[in-house]
Amino acid sequence: MQPLVLPFVHGEWFDTPAVVVHRPTLDRNIQKMADFASEKGVALRPHMKTHKTVEVARRQRLAGIQGITVAKLGEAEVFADAGFRDITVAYPVVSTVKRRRLTALAARARVTTVVDDLEQVDVLARSAEERAVSVGLWIKIDTGLHRCGIPAEAEDRVAAVASRIVRWEERWRKEPGGGVYFAGLLTHAGHAYGASSREEVEAIARSEGEQLTALKRALRLRGLPCPELSAGSTPTAFGVAGVPGITEIRPGNYVFYDRTQVRLGVADWSDCALRVVARVVSRPAPTRCVIDAGSKTLGLDQGAHGSRGVTGFGAVCGSVGLEVTRLSEEHGVIEERDGTAEVPQVGAMVEIIPNHACPVVNLTRRLGVVGEGGWEGWWSVDAAGRVD
């Protein structure tokens with residue numbers, strides 16, 4: 001099966017390169033995940049780093065999300081300005097400047113963030129006290145990605161950090177004014193992107209959930225609370241939500257999906273709402289053409305966390321025999337690979353489903369929107385470039 005060309009895109013509605021969203025597919029993806037979370041009885045706190053777009057977040061809120069997740073404080077500030085009041089910053093907050101920004105944010109929204117050592121807890125607790133705000137702390141757990149987080153098997157370390165948070169919380173409860181509280185355990189099983197089959201993704205999802213629930217039981221045996229368990233990227237969300245005890249999922253990519261999600265078996269081409277639309281600017285050989293979208297538009301991502309099976313830099317819609325084989329900053333090279341495809345002529349428009357939608361959106365300022373009835377206009381990517 002090949003990705004199909006969107007209706008109404010191939011006209012003179014806009015200049016290229018452009019990042020275009022098929023709104024009906026987007027809305028369907030948003031509602032499907034919201035319905036699934038509701039059915040499973042888990043909170044849905046989607047990750048905003050995928051779309052960075054207030055209009056998309058508003059559509060998610062209308063579908064029934066409980067809060068939002070961001071990677072960086074810059075994103076959090078944009079969405080707080082837009083009226084979002086329940087925000088998880090799922091990234092370590094370390095510098096003095098960032099702690100000041102975090103506590104300023106906590107003065108106008110419910111804010112939680114992640115920690116994985118004792119010193120982080122102490123520093124954040126003092127910052128919250130000084131600013132007289134409350135900040136929730138998740139303990140970040142490494143369930144297999146081996147990036148940030150305390151290894152799930154290091155029960156003593158997890159308990160030590162939980163105990164430290166609880167002591168600070170008890171102090172805050174006795175002397176109200178500002179402080180930290182224990183939100184629970186949080187993980188990101190990003191190693192699912194390296195899976196070779198849908199079955200392997202599902203196994204990682206189950207393991208992700210079971211490691212968290214086992215840790216919660218261990219904490220309770222030590223007399224420690226553990227309010228919530230937060231897990232689930234887009235590949236693992238559907239599996240981990242079924243593990244008893246998981247209270248929250250945080251998928252992000254599901255609003256758009258992309259070539260990587262299709263490879264993992266998480267989505268079909270028909271679920272992919274986001275395309276890069278480019279124009280052929282040169283056809284120097286019968287088997288090769290050049291488009292006006294390079295690495296500054298499509299990104300160079302060929303799969304994070306050990307992702308396998310993705311070659312080239314995007315899937316060309318409407319033709320399985322064409323592949324985006326090379327990128328420079330402003331040029332993309334499309335080549336005919338199997339002798340069956342016709343290479344587009346100069347001036348033709350080409351749609352590409354990117355390998356990874358998230359960096360593509362971060363590289364653009366606006367999303368073109370296409371509906372069932374035709375071109376609908378532009379949405380601003382409000383947090384584009386906010387990686388601070």
# chains A, B, ... in the order shown; residues from 1 in each chain; ligands from 1
$ select_by_dssp --residues "range 145-387 of chain A" --states "strand (DSSP E or B)" --output "number ranges by chain"
A: 150-151, 179-187, 228-231, 248-249, 274-285, 288-291, 315-316, 322-327, 332-336, 349-353, 366-371, 374-380
$ residues_around --residues "Glu330 in chain A" --least-positions-apart "2" --cutoff "12 Å" --atoms "only C-alpha atoms" --output "list in words"
Thr16, Pro17, Ala278, Arg279, Val281, Val290, Ile291, Asp292, Ala293, Gly294, Ser295, Lys296, Thr297, Leu298, Gly299, Arg326, Leu327, Ser328, Gly332 and Val333 of chain A
$ residues_around --residues "Lys98 in chain A" --least-positions-apart "6" --cutoff "12 Å" --atoms "only C-alpha atoms" --output "count of residues only"
15
$ atom_distance --atom1 "CA of Val387 in chain A" --atom2 "CA of Gly179 in chain A"
26.5 Å
$ closest_atom_pairs --of "range 42-128 of chain A" --to "range 26-29 of chain A" --cutoff "9 Å" --atoms "only C-alpha atoms" --output "tab-separated table"
residue	atom	partner	partner_atom	distance
A:Val56	CA	A:Leu26	CA	8.6
A:Arg59	CA	A:Asp27	CA	7.5
A:Gln60	CA	A:Asp27	CA	8.5
$ select_by_dssp --residues "range 218-283 of chain A" --states "alpha helix (DSSP H)" --output "JSON, numbers by chain"
{"A": [218, 219, 220, 221, 234, 235, 236, 237, 238, 239, 240, 259, 260, 261, 262, 263, 264]}
$ residues_around --residues "range 183-199 of chain A" --least-positions-apart "5" --cutoff "8 Å" --atoms "only C-alpha atoms" --output "MDAnalysis selection string"
chainID A and resid 112 114 136:145 149 204:205 208 212 216 226:233 235:236 260 264:266 303:308
